[in-house]
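**Q** Take a look at this one; I'll ask things after.
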Amino acid sequence: MRFTPFRAIIIGVVLMVYASIITFVMALRWIPSTLFLNFTAGVGSIIGLTLGLYGVFQMTRPER
């Protein structure tokens with residue numbers, strides 16, 4: 001199974017949406033703000049952005 005640029009973008013978007021939803025729900029106080037949720041939201045956002053940018057850079061890379 002190859003890690004394609006399109007798959008990296010999709011995984012990155014999913015992680016960033018997860019982080020945004022968890023942060024929004026914690027801000028509304030529907031779920032309590034815990035260290036674990038804050039950590040996973042922060043890490044998910046950073047890794048999602050990194051994977052998404054990696055996928056975009058790999059798609060726009062000129063062919064050799």
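FYI, nothing fancy with the structure tokens labels: chains A, B, ... in order, residues from 1 per chain, ligands from 1 as they appear.
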Give me every alpha helix (DSSP H) residue in chain A, going by DSSP on the backbone, as a VMD selection string.
**A** chain A and resid 5 to 27 35 to 60
**Q** Determine the nearest neighbour of Met16 in chain A from the options A:Gly42, A:Pro62, A:Pro32, A:Gly48, counting only C-alpha atoms.
**A**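 The answer is A:Gly48, which sits nearest to Met16 in chain A.
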**Q** What does the distance from CA of Leu15 in chain A to CA of Thr40 in chain A come to in Å, to one decimal?
**A** 9.7 Å
**Q** Would you kindly return, as JSON, numbers by chain, each protein, DNA or RNA residue with an atom no farther than 12 Å from any atom of Ile10 in chain A, considering only C-alpha atoms and excluding same-chain residues fewer than 5 positions away?
**A** {"A": [3, 4, 5, 15, 16, 17, 48, 49, 50, 51, 52, 53, 54, 55, 56]}
**Q** I'd like the contact shell of Ile21 in chain A - 12 Å cut-off, only C-alpha atoms, skipping same-chain residues fewer than 3 positions apart - returned as an MDAnalysis selection string.
**A** chainID A and resid 14:18 24:28 30:31 37:38 40:42 44:45
**Q** With N, CA and C atoms retained, export the selected residues as an mmCIF file, in the first residue's frame.
**A**
```
data_model
loop_
_atom_site.group_PDB
_atom_site.id
_atom_site.type_symbol
_atom_site.label_atom_id
_atom_site.label_comp_id
_atom_site.auth_asym_id
_atom_site.auth_seq_id
_atom_site.Cartn_x
_atom_site.Cartn_y
_atom_site.Cartn_z
ATOM 1 N N VAL A 14 -8.710 15.237 7.590
ATOM 2 C CA VAL A 14 -9.489 14.547 8.627
ATOM 3 C C VAL A 14 -8.949 14.881 10.017
ATOM 4 N N LEU A 15 -7.632 14.880 10.177
ATOM 5 C CA LEU A 15 -7.048 15.205 11.479
ATOM 6 C C LEU A 15 -7.321 16.650 11.884
ATOM 7 N N MET A 16 -7.254 17.574 10.932
ATOM 8 C CA MET A 16 -7.515 18.972 11.265
ATOM 9 C C MET A 16 -8.991 19.211 11.591
ATOM 10 N N VAL A 17 -9.888 18.528 10.892
ATOM 11 C CA VAL A 17 -11.319 18.649 11.200
ATOM 12 C C VAL A 17 -11.608 18.059 12.580
ATOM 13 N N TYR A 18 -10.985 16.918 12.897
ATOM 14 C CA TYR A 18 -11.137 16.328 14.230
ATOM 15 C C TYR A 18 -10.695 17.312 15.309
ATOM 16 N N PHE A 24 -13.929 22.944 19.443
ATOM 17 C CA PHE A 24 -15.203 23.661 19.479
ATOM 18 C C PHE A 24 -16.141 23.077 20.532
ATOM 19 N N VAL A 25 -16.206 21.761 20.614
ATOM 20 C CA VAL A 25 -17.088 21.107 21.590
ATOM 21 C C VAL A 25 -16.610 21.380 23.017
ATOM 22 N N MET A 26 -15.295 21.420 23.217
ATOM 23 C CA MET A 26 -14.774 21.746 24.549
ATOM 24 C C MET A 26 -15.049 23.201 24.901
ATOM 25 N N ALA A 27 -15.007 24.083 23.913
ATOM 26 C CA ALA A 27 -15.292 25.491 24.172
ATOM 27 C C ALA A 27 -16.758 25.704 24.551
ATOM 28 N N LEU A 28 -17.642 24.901 23.976
ATOM 29 C CA LEU A 28 -19.062 24.988 24.327
ATOM 30 C C LEU A 28 -19.384 24.282 25.635
ATOM 31 N N TRP A 30 -19.618 21.105 26.186
ATOM 32 C CA TRP A 30 -20.433 19.909 26.050
ATOM 33 C C TRP A 30 -19.685 18.704 26.584
ATOM 34 N N ILE A 31 -18.354 18.730 26.465
ATOM 35 C CA ILE A 31 -17.504 17.716 27.080
ATOM 36 C C ILE A 31 -16.451 18.452 27.906
ATOM 37 N N LEU A 37 -7.672 15.263 25.851
ATOM 38 C CA LEU A 37 -8.355 15.844 24.694
ATOM 39 C C LEU A 37 -7.614 17.052 24.153
ATOM 40 N N ASN A 38 -7.083 17.882 25.040
ATOM 41 C CA ASN A 38 -6.309 19.039 24.582
ATOM 42 C C ASN A 38 -5.058 18.587 23.825
ATOM 43 N N THR A 40 -4.559 15.620 22.247
ATOM 44 C CA THR A 40 -4.887 15.002 20.963
ATOM 45 C C THR A 40 -5.355 16.037 19.939
ATOM 46 N N ALA A 41 -6.060 17.073 20.393
ATOM 47 C CA ALA A 41 -6.490 18.116 19.469
ATOM 48 C C ALA A 41 -5.284 18.901 18.949
ATOM 49 N N GLY A 42 -4.365 19.221 19.813
ATOM 50 C CA GLY A 42 -3.175 19.958 19.386
ATOM 51 C C GLY A 42 -2.286 19.146 18.470
ATOM 52 N N GLY A 44 -3.186 16.493 16.726
ATOM 53 C CA GLY A 44 -3.919 16.228 15.487
ATOM 54 C C GLY A 44 -3.870 17.404 14.528
ATOM 55 N N SER A 45 -3.938 18.603 15.065
ATOM 56 C CA SER A 45 -3.868 19.791 14.230
ATOM 57 C C SER A 45 -2.481 19.937 13.592
#
```
